[in-house]
$ cat target_5.cif   # mmCIF, C-alpha atoms
data_protein
loop_
_atom_site.label_atom_id
_atom_site.label_comp_id
_atom_site.auth_asym_id
_atom_site.auth_seq_id
_atom_site.Cartn_x
_atom_site.Cartn_y
_atom_site.Cartn_z
CA MET A 1 -24.90 -9.60 13.77
CA CYS A 2 -21.44 -10.34 15.05
CA VAL A 3 -21.34 -13.82 16.64
CA LYS A 4 -18.70 -14.84 19.14
CA THR A 5 -17.42 -17.96 17.41
CA PHE A 6 -13.84 -18.61 16.34
CA PHE A 7 -12.22 -21.41 14.36
CA ILE A 8 -8.54 -22.26 14.10
CA SER A 9 -7.54 -22.94 10.51
CA PHE A 10 -3.89 -23.26 9.50
CA ILE A 11 -2.15 -20.43 11.36
CA PHE A 12 -4.97 -17.91 11.20
CA ILE A 13 -8.14 -17.29 13.15
CA ILE A 14 -11.26 -16.62 11.12
CA LEU A 15 -14.15 -14.80 12.72
CA THR A 16 -17.38 -16.32 11.47
CA VAL A 17 -19.11 -13.18 10.27
CA ASN A 18 -19.74 -14.44 6.74
CA CYS A 19 -16.06 -15.43 6.91
CA LYS A 20 -15.07 -11.98 5.67
CA ILE A 21 -12.72 -10.96 8.47
CA VAL A 22 -9.30 -12.52 8.93
CA VAL A 23 -7.71 -12.15 12.36
CA PHE A 24 -3.98 -12.58 12.99
CA TYR A 25 -1.07 -11.26 15.03
CA GLY A 26 1.13 -8.67 13.38
CA THR A 27 2.59 -5.18 13.32
CA TYR A 28 1.58 -2.03 11.47
CA ASN A 29 3.86 0.94 10.88
CA SER A 30 1.47 3.85 10.23
CA ALA A 31 -0.73 5.97 12.45
CA SER A 32 -4.37 5.02 12.91
CA GLU A 33 -7.37 6.47 14.68
CA SER A 34 -9.05 5.30 17.87
CA VAL A 35 -12.54 3.87 17.66
CA PRO A 36 -15.35 5.06 19.97
CA ASN A 37 -14.80 4.55 23.71
CA SER A 38 -17.72 2.13 23.82
CA VAL A 39 -15.43 -0.53 22.35
CA GLN A 40 -14.01 -2.17 25.48
CA ASN A 41 -12.40 -5.42 24.28
CA TRP A 42 -10.94 -7.16 21.26
CA PHE A 43 -14.14 -8.93 20.27
CA ASP A 44 -16.09 -5.65 20.35
CA CYS A 45 -13.30 -4.07 18.30
CA VAL A 46 -13.64 -6.70 15.57
CA CYS A 47 -17.44 -6.51 15.57
CA TRP A 48 -17.31 -2.73 15.36
CA CYS A 49 -15.18 -3.00 12.20
CA GLN A 50 -17.46 -5.61 10.66
CA GLU A 51 -20.48 -3.36 11.17
CA THR A 52 -18.76 -0.13 10.02
CA ASN A 53 -18.70 0.19 6.23
CA ASP A 54 -15.60 2.38 5.99
CA CYS A 55 -13.49 0.23 8.33
CA LEU A 56 -10.69 -1.54 6.44
CA PHE A 57 -9.00 -3.16 9.44
CA VAL A 58 -8.63 -2.72 13.18
CA LEU A 59 -5.72 -3.27 15.56
CA TRP A 60 -5.84 -4.19 19.24
CA ASN A 61 -3.01 -3.61 21.67
CA GLU A 62 -3.57 -5.84 24.68
CA SER A 63 -1.36 -3.81 27.01
CA SER A 64 -3.11 -0.49 26.31
CA GLN A 65 -6.57 -1.99 25.71
CA ILE A 66 -7.11 0.45 22.84
CA CYS A 67 -8.78 -0.39 19.54
CA LYS A 68 -7.34 1.44 16.52
CA VAL A 69 -8.90 1.63 13.07
CA VAL A 70 -7.73 2.27 9.51
CA TYR A 71 -10.53 3.56 7.30
CA SER A 72 -10.76 2.62 3.62
CA ASN A 73 -11.97 6.09 2.63
CA SER A 74 -9.50 8.24 4.53
CA SER A 75 -6.22 6.35 4.94
CA ASN A 76 -4.60 7.32 1.66
CA TYR A 77 -1.00 6.55 2.53
CA LEU A 78 1.50 3.78 2.22
CA GLY A 79 1.25 1.29 5.07
CA PHE A 80 3.14 -1.86 5.93
CA ILE A 81 1.44 -4.74 7.71
CA HIS A 82 3.64 -7.61 8.82
CA TYR A 83 2.27 -11.00 9.84
CA THR A 84 3.79 -12.66 12.90
CA ASN A 85 2.74 -15.52 15.14
CA LYS A 86 3.93 -13.76 18.27
CA THR A 87 1.19 -13.17 20.80
CA THR A 88 3.14 -10.15 22.05
CA ASP A 89 2.32 -8.25 18.84
CA MET A 90 -0.95 -6.52 18.00
CA GLU A 91 -4.03 -8.44 16.95
CA ILE A 92 -5.23 -7.33 13.52
CA ALA A 93 -8.64 -7.95 11.97
CA LEU A 94 -8.64 -7.43 8.20
CA LYS A 95 -11.74 -7.30 6.00
CA THR A 96 -11.83 -9.29 2.77
CA ASN A 97 -14.51 -9.89 0.15
CA TYR A 98 -14.31 -13.67 0.48
CA SER A 99 -17.37 -15.48 1.81
CA ASN A 100 -15.45 -18.76 1.98
CA CYS A 101 -13.08 -19.07 4.96
CA TYR A 102 -10.47 -21.06 3.04
CA ASP A 103 -10.40 -18.49 0.22
CA ALA A 104 -9.87 -15.74 2.79
CA ILE A 105 -6.94 -17.64 4.31
CA GLU A 106 -5.34 -18.32 0.93
CA PHE A 107 -5.72 -14.68 -0.04
CA LEU A 108 -3.98 -13.61 3.15
CA LYS A 109 -1.16 -16.14 2.76
CA SER A 110 -0.49 -15.91 -0.97
CA ARG A 111 -1.20 -12.28 -1.79
CA PHE A 112 -1.68 -9.91 1.10
CA MET A 113 1.18 -11.19 3.25
CA GLY A 114 3.44 -11.38 0.22
CA CYS A 115 2.99 -7.68 -0.47
CA SER A 116 5.76 -5.36 0.72
CA GLY A 117 3.49 -2.33 1.16
CA ARG A 118 -0.15 -1.41 0.85
CA LEU A 119 -1.77 1.71 -0.53
CA PHE A 120 -5.16 2.35 1.01
CA ARG A 121 -7.17 4.32 -1.52
CA SER A 122 -10.84 5.17 -1.28
CA LYS A 123 -11.90 2.45 -3.73
CA TYR A 124 -8.92 0.09 -3.83
CA THR A 125 -6.25 -1.52 -1.74
CA ILE A 126 -3.07 -1.74 -3.83
CA CYS A 127 0.02 -3.87 -3.37
CA ALA A 128 2.96 -1.52 -3.89
CA GLN A 129 6.12 -3.50 -4.66
CA ARG A 130 9.54 -1.89 -5.00
CA TYR A 131 12.20 -3.21 -7.38
CA TYR A 132 15.85 -2.23 -7.65
CA TYR A 133 17.27 -1.21 -11.01
CA HIS A 134 20.60 -0.19 -12.50
CA TYR A 135 20.67 2.13 -15.52
CA SER A 136 16.92 1.78 -16.02
CA ASN A 137 14.79 3.99 -18.25
CA HIS A 138 11.05 4.49 -18.49
CA SER A 139 10.45 1.70 -21.03
CA ALA A 140 12.42 -0.77 -18.91
CA ALA A 141 10.45 0.24 -15.81
CA LEU A 142 7.14 -0.28 -17.61
CA GLU A 143 8.32 -3.66 -18.90
CA LYS A 144 9.39 -4.77 -15.43
CA CYS A 145 6.01 -3.89 -13.93
CA GLU A 146 4.12 -5.54 -16.79
CA ASN A 147 6.18 -8.72 -16.44
CA GLU A 148 5.10 -8.86 -12.79
CA GLY A 149 1.45 -8.38 -13.79
CA GLU A 150 1.53 -4.88 -12.30
CA VAL A 151 1.50 -1.22 -13.36
CA LEU A 152 4.00 1.57 -12.83
CA ILE A 153 2.61 3.32 -9.76
CA GLY A 154 0.91 6.71 -9.79
CA LEU A 155 0.47 9.18 -6.93
CA GLU A 156 -3.01 9.77 -5.56
CA ASN A 157 -2.29 12.70 -3.25
CA GLN A 158 0.34 14.49 -1.19
CA ASN A 159 0.49 11.71 1.40
CA GLU A 160 1.42 9.19 -1.26
CA ARG A 161 4.04 11.48 -2.77
CA VAL A 162 5.73 11.98 0.61
CA SER A 163 5.41 8.29 1.56
CA PHE A 164 7.02 7.10 -1.67
CA ALA A 165 9.77 9.71 -1.45
CA ASN A 166 10.58 8.41 2.04
CA VAL A 167 10.64 4.82 0.76
CA ILE A 168 13.12 5.80 -1.96
CA ASN A 169 15.34 7.67 0.49
CA LYS A 170 15.44 4.78 2.95
CA ALA A 171 16.15 2.23 0.25
CA THR A 172 18.90 4.11 -1.58
CA LYS A 173 20.41 6.00 1.41
CA TYR A 174 20.90 9.13 -0.69
CA ASN A 175 18.91 11.62 -2.73
CA SER A 176 17.61 9.81 -5.76
CA SER A 177 14.50 9.61 -7.91
CA SER A 178 11.99 6.97 -8.91
CA LEU A 179 10.31 6.63 -12.29
CA ILE A 180 6.51 6.96 -12.00
CA GLY A 181 3.53 6.26 -14.25
CA LEU A 182 3.13 9.81 -15.56
CA THR A 183 3.65 10.63 -19.25
CA ARG A 184 2.71 13.35 -21.72
CA ASN A 185 -0.11 12.39 -24.09
CA SER A 186 -0.64 13.38 -27.73
CA GLU A 187 -2.38 16.58 -26.62
CA GLY A 188 0.65 17.66 -24.61
CA MET A 189 -0.91 16.99 -21.20
CA PHE A 190 0.68 14.83 -18.50
CA VAL A 191 -1.63 11.95 -17.51
CA TRP A 192 -1.36 8.98 -15.14
CA SER A 193 -1.19 5.42 -16.44
CA ASP A 194 -2.08 3.94 -13.02
CA PRO A 195 -5.68 2.65 -13.46
CA TYR A 196 -6.25 2.48 -9.69
CA LEU A 197 -6.05 6.21 -9.02
CA THR A 198 -9.40 7.42 -7.70
CA GLY A 199 -8.84 11.15 -8.19
CA ASN A 200 -6.84 13.51 -10.38
CA GLY A 201 -3.59 12.45 -8.79
CA SER A 202 -0.98 14.61 -7.13
CA ILE A 203 1.14 16.45 -9.70
CA VAL A 204 3.32 19.03 -7.96
CA TRP A 205 6.23 20.00 -10.18
CA ALA A 206 9.73 20.88 -9.06
CA ASP A 207 10.97 24.34 -10.03
CA GLY A 208 11.50 24.64 -13.77
CA HIS A 209 9.39 21.60 -14.63
CA PRO A 210 7.85 20.32 -16.80
CA ILE A 211 10.43 20.87 -19.53
CA ASP A 212 9.44 20.94 -23.19
CA GLY A 213 10.45 17.70 -24.90
CA ASN A 214 10.56 15.71 -21.66
CA ASP A 215 7.58 13.36 -21.91
CA CYS A 216 8.13 11.11 -18.85
CA ALA A 217 8.44 11.83 -15.14
CA SER A 218 10.07 10.75 -11.90
CA LEU A 219 9.65 11.50 -8.19
CA GLN A 220 12.50 13.29 -6.37
CA SER A 221 13.21 11.60 -3.05
CA ASP A 222 14.67 14.66 -1.32
CA THR A 223 11.84 17.09 -2.14
CA SER A 224 8.91 14.68 -2.87
CA LEU A 225 8.32 16.80 -6.00
CA ILE A 226 7.93 15.59 -9.58
CA GLN A 227 10.38 16.30 -12.37
CA SER A 228 9.89 15.77 -16.09
CA ASP A 229 12.43 13.55 -17.83
CA ASN A 230 13.45 12.42 -21.25
CA CYS A 231 11.91 8.95 -21.53
CA ASP A 232 15.41 7.53 -22.08
CA TYR A 233 16.55 9.11 -18.79
CA SER A 234 18.18 6.78 -16.27
CA PRO A 235 18.71 7.60 -12.58
CA CYS A 236 22.20 6.13 -13.02
CA ASP A 237 24.73 6.84 -15.74
CA ASN A 238 27.21 4.37 -17.17
CA SER A 239 30.12 5.70 -15.12
CA THR A 240 28.43 5.44 -11.73
CA PHE A 241 27.00 2.49 -9.85
CA CYS A 242 23.90 3.45 -7.94
CA PRO A 243 20.66 1.72 -6.99
CA SER A 244 17.44 3.11 -8.41
CA ILE A 245 13.92 2.23 -7.31
CA VAL A 246 10.90 1.43 -9.43
CA ILE A 247 7.60 0.94 -7.61
CA CYS A 248 4.91 -1.18 -9.27
CA GLY A 249 1.36 -1.72 -8.08
CA LYS A 250 -1.43 -4.26 -8.44
CA LEU A 251 -4.93 -4.60 -7.07
CA LEU A 252 -4.98 -6.78 -3.96
CA GLY A 253 -8.51 -7.96 -4.54
CA PHE A 254 -10.77 -6.07 -2.14
#

$ encode --input "target_5.cif" --output "structure tokens"
Amino acid sequence: MCVKTFFISFIFIILTVNCKIVVFYGTYNSASESVPNSVQNWFDCVCWCQETNDCLFVLWNESSQICKVVYSNSSNYLGFIHYTNKTTDMEIALKTNYSNCYDAIEFLKSRFMGCSGRLFRSKYTICAQRYYYHYSNHSAALEKCENEGEVLIGLENQNERVSFANVINKATKYNSSSLIGLTRNSEGMFVWSDPYLTGNGSIVWADGHPIDGNDCASLQSDTSLIQSDNCDYSPCDNSTFCPSIVICGKLLGF
């Protein structure tokens, strides 16, 4: 039962429904679906999410009076949530697995809000961090992710492939590629090293790929297709300065 009680704690509002929903002002960059028309106000919007298993978070725009939802089992794309304290921005209610209000707040402050982008997969919510490299190869990319306590990201589906390709393009301002967690195993098959993939992944090869002897892979930003690479391949050579992107991921915790 959703009870209409709110507490102010630090800079966040916690709705007391087992203290598992964190409510804050913020912005969200990706499309989301409308909830049923029976939801008429912000409180009903939050309660609807609490009582709907597949609801990951909801957004409320005061000017339009529309409640939007992002589902945990269908929103398989890269999304960016930004916390603000501006009452002119949307109100966002985010589910967590924390029964203690203070743990929920600390999670939001120290982990979720510190994440540059989120991947909403059917079983996991992943923090997808991007790092800039110069003359990097696959081993260096893996080492960087591991040093951050993360994994070299895989690609769950077409939406993720396109989303990441767009991130690379925007960050580098030109056609580039990003090393990904896809390598050839001892049986000659390409497999993902990302443990948070919930399906078979999205392997769509560029023309002419994979190439025999190339045991690693990268994502082309201009085509959103995958190319096979020599594992010593670097997006930049020693005669050219260019930024390259490596995207690492870690489980956010719910």

$ resolve_selection --input "target_5.cif" --expression "the PyMOL selection byres ((chain A and resi 165) around 7)" --output "PDB file with C-alpha atoms, keeping the file's coordinate frame"
ATOM      1  CA  ARG A 161       4.040  11.480  -2.770  1.00  0.00           C
ATOM      2  CA  VAL A 162       5.730  11.980   0.610  1.00  0.00           C
ATOM      3  CA  SER A 163       5.410   8.290   1.560  1.00  0.00           C
ATOM      4  CA  PHE A 164       7.020   7.100  -1.670  1.00  0.00           C
ATOM      5  CA  ASN A 166      10.580   8.410   2.040  1.00  0.00           C
ATOM      6  CA  VAL A 167      10.640   4.820   0.760  1.00  0.00           C
ATOM      7  CA  ILE A 168      13.120   5.800  -1.960  1.00  0.00           C
ATOM      8  CA  ASN A 169      15.340   7.670   0.490  1.00  0.00           C
ATOM      9  CA  LEU A 219       9.650  11.500  -8.190  1.00  0.00           C
ATOM     10  CA  GLN A 220      12.500  13.290  -6.370  1.00  0.00           C
ATOM     11  CA  SER A 221      13.210  11.600  -3.050  1.00  0.00           C
ATOM     12  CA  ASP A 222      14.670  14.660  -1.320  1.00  0.00           C
ATOM     13  CA  SER A 224       8.910  14.680  -2.870  1.00  0.00           C
TER      14      SER A 224
END

$ residues_around --input "target_5.cif" --residues "Ser38 (chain A)" --least-positions-apart "6" --cutoff "12 Å" --atoms "all atoms listed in the file" --output "ChimeraX atom specification"
/A:44-45,47-48,66-67

$ write_last_selection --input "target_5.cif" --atoms "C-alpha atoms" --output "compact mmCIF listing (two decimals), in the frame of the given file"
# COMPACT_ATOMS: atom_id res chain seq x y z
CA ASP A 44 -16.09 -5.65 20.35
CA CYS A 45 -13.30 -4.07 18.30
CA CYS A 47 -17.44 -6.51 15.57
CA TRP A 48 -17.31 -2.73 15.36
CA ILE A 66 -7.11 0.45 22.84
CA CYS A 67 -8.78 -0.39 19.54

$ atom_distance --input "target_5.cif" --atom1 "CA of Ser30 (chain A)" --atom2 "CA of Asn85 (chain A)"
20.0 Å

$ closest_residue --input "target_5.cif" --among "A:Lys109, A:Arg130, A:His209, A:His138" --to "Ala171 (chain A)" --atoms "only C-alpha atoms"
A:Arg130

$ residues_around --input "target_5.cif" --residues "Ser218 (chain A)" --least-positions-apart "2" --cutoff "9 Å" --atoms "only C-alpha atoms" --output "ChimeraX atom specification"
/A:177-182,216,220,225-229

$ write_last_selection --input "target_5.cif" --atoms "C-alpha atoms" --output "CSV table (one decimal), keeping the file's coordinate frame"
chain,number,residue,atom,x,y,z
A,177,SER,CA,14.5,9.6,-7.9
A,178,SER,CA,12.0,7.0,-8.9
A,179,LEU,CA,10.3,6.6,-12.3
A,180,ILE,CA,6.5,7.0,-12.0
A,181,GLY,CA,3.5,6.3,-14.2
A,182,LEU,CA,3.1,9.8,-15.6
A,216,CYS,CA,8.1,11.1,-18.8
A,220,GLN,CA,12.5,13.3,-6.4
A,225,LEU,CA,8.3,16.8,-6.0
A,226,ILE,CA,7.9,15.6,-9.6
A,227,GLN,CA,10.4,16.3,-12.4
A,228,SER,CA,9.9,15.8,-16.1
A,229,ASP,CA,12.4,13.6,-17.8

$ closest_residue --input "target_5.cif" --among "A:Tyr102, A:Val35, A:Ile245, A:Trp205" --to "Lys170 (chain A)" --atoms "only C-alpha atoms"
A:Ile245

$ atom_distance --input "target_5.cif" --atom1 "CA of Ala206 (chain A)" --atom2 "CA of Phe80 (chain A)"
28.0 Å

$ resolve_selection --input "target_5.cif" --expression "the PyMOL selection byres ((chain A and resi 183) around 8)" --output "ChimeraX atom specification"
/A:181-182,184-185,190-193,215-217

$ residues_around --input "target_5.cif" --residues "Pro195 (chain A)" --least-positions-apart "5" --cutoff "10 Å" --atoms "all atoms listed in the file" --output "ChimeraX atom specification"
/A:151-154,181,249-251

$ resolve_selection --input "target_5.cif" --expression "the PyMOL selection byres ((chain A and resi 68) around 7)" --output "number ranges by chain"
A: 32-35, 58-60, 66-67, 69

$ atom_distance --input "target_5.cif" --atom1 "CA of Ala128 (chain A)" --atom2 "CA of Lys86 (chain A)"
25.3 Å

$ residues_around --input "target_5.cif" --residues "Thr125 (chain A)" --least-positions-apart "5" --cutoff "9 Å" --atoms "all atoms listed in the file" --output "mmCIF file with C-alpha atoms, in the frame of the given file"
data_model
loop_
_atom_site.group_PDB
_atom_site.id
_atom_site.type_symbol
_atom_site.label_atom_id
_atom_site.label_comp_id
_atom_site.auth_asym_id
_atom_site.auth_seq_id
_atom_site.Cartn_x
_atom_site.Cartn_y
_atom_site.Cartn_z
ATOM 1 C CA SER A 72 -10.760 2.620 3.620
ATOM 2 C CA ARG A 118 -0.150 -1.410 0.850
ATOM 3 C CA LEU A 119 -1.770 1.710 -0.530
ATOM 4 C CA PHE A 120 -5.160 2.350 1.010
ATOM 5 C CA TYR A 196 -6.250 2.480 -9.690
ATOM 6 C CA LYS A 250 -1.430 -4.260 -8.440
ATOM 7 C CA LEU A 251 -4.930 -4.600 -7.070
ATOM 8 C CA LEU A 252 -4.980 -6.780 -3.960
ATOM 9 C CA GLY A 253 -8.510 -7.960 -4.540
ATOM 10 C CA PHE A 254 -10.770 -6.070 -2.140
#

$ residues_around --input "target_5.cif" --residues "Ala104 (chain A)" --least-positions-apart "4" --cutoff "9 Å" --atoms "only C-alpha atoms" --output "short mmCIF file (atom, residue, chain, number, x, y, z; two decimals) with C-alpha atoms, in the frame of the given file"
data_model
loop_
_atom_site.label_atom_id
_atom_site.label_comp_id
_atom_site.auth_asym_id
_atom_site.auth_seq_id
_atom_site.Cartn_x
_atom_site.Cartn_y
_atom_site.Cartn_z
CA ILE A 14 -11.26 -16.62 11.12
CA CYS A 19 -16.06 -15.43 6.91
CA LYS A 20 -15.07 -11.98 5.67
CA ILE A 21 -12.72 -10.96 8.47
CA VAL A 22 -9.30 -12.52 8.93
CA THR A 96 -11.83 -9.29 2.77
CA ASN A 97 -14.51 -9.89 0.15
CA TYR A 98 -14.31 -13.67 0.48
CA SER A 99 -17.37 -15.48 1.81
CA ASN A 100 -15.45 -18.76 1.98
CA LEU A 108 -3.98 -13.61 3.15
CA LYS A 109 -1.16 -16.14 2.76
#

$ closest_atom_pairs --input "target_5.cif" --of "region 107-209 of chain A" --to "region 50-54 of chain A" --cutoff "12 Å" --atoms "all atoms listed in the file" --output "JSON lines"
{"residue": "A:Phe120", "atom": "CA", "partner": "A:Asp54", "partner_atom": "CA", "distance": 11.6}
{"residue": "A:Arg121", "atom": "CA", "partner": "A:Asp54", "partner_atom": "CA", "distance": 11.5}
{"residue": "A:Ser122", "atom": "CA", "partner": "A:Asp54", "partner_atom": "CA", "distance": 9.1}
{"residue": "A:Lys123", "atom": "CA", "partner": "A:Asp54", "partner_atom": "CA", "distance": 10.4}

$ closest_residue --input "target_5.cif" --among "A:Asn214, A:Cys127, A:His82, A:Leu56" --to "Glu148 (chain A)" --atoms "all atoms listed in the file"
A:Cys127

$ closest_residue --input "target_5.cif" --among "A:Cys248, A:Phe57, A:Cys49, A:Arg111" --to "Asn147 (chain A)" --atoms "all atoms listed in the file"
A:Cys248
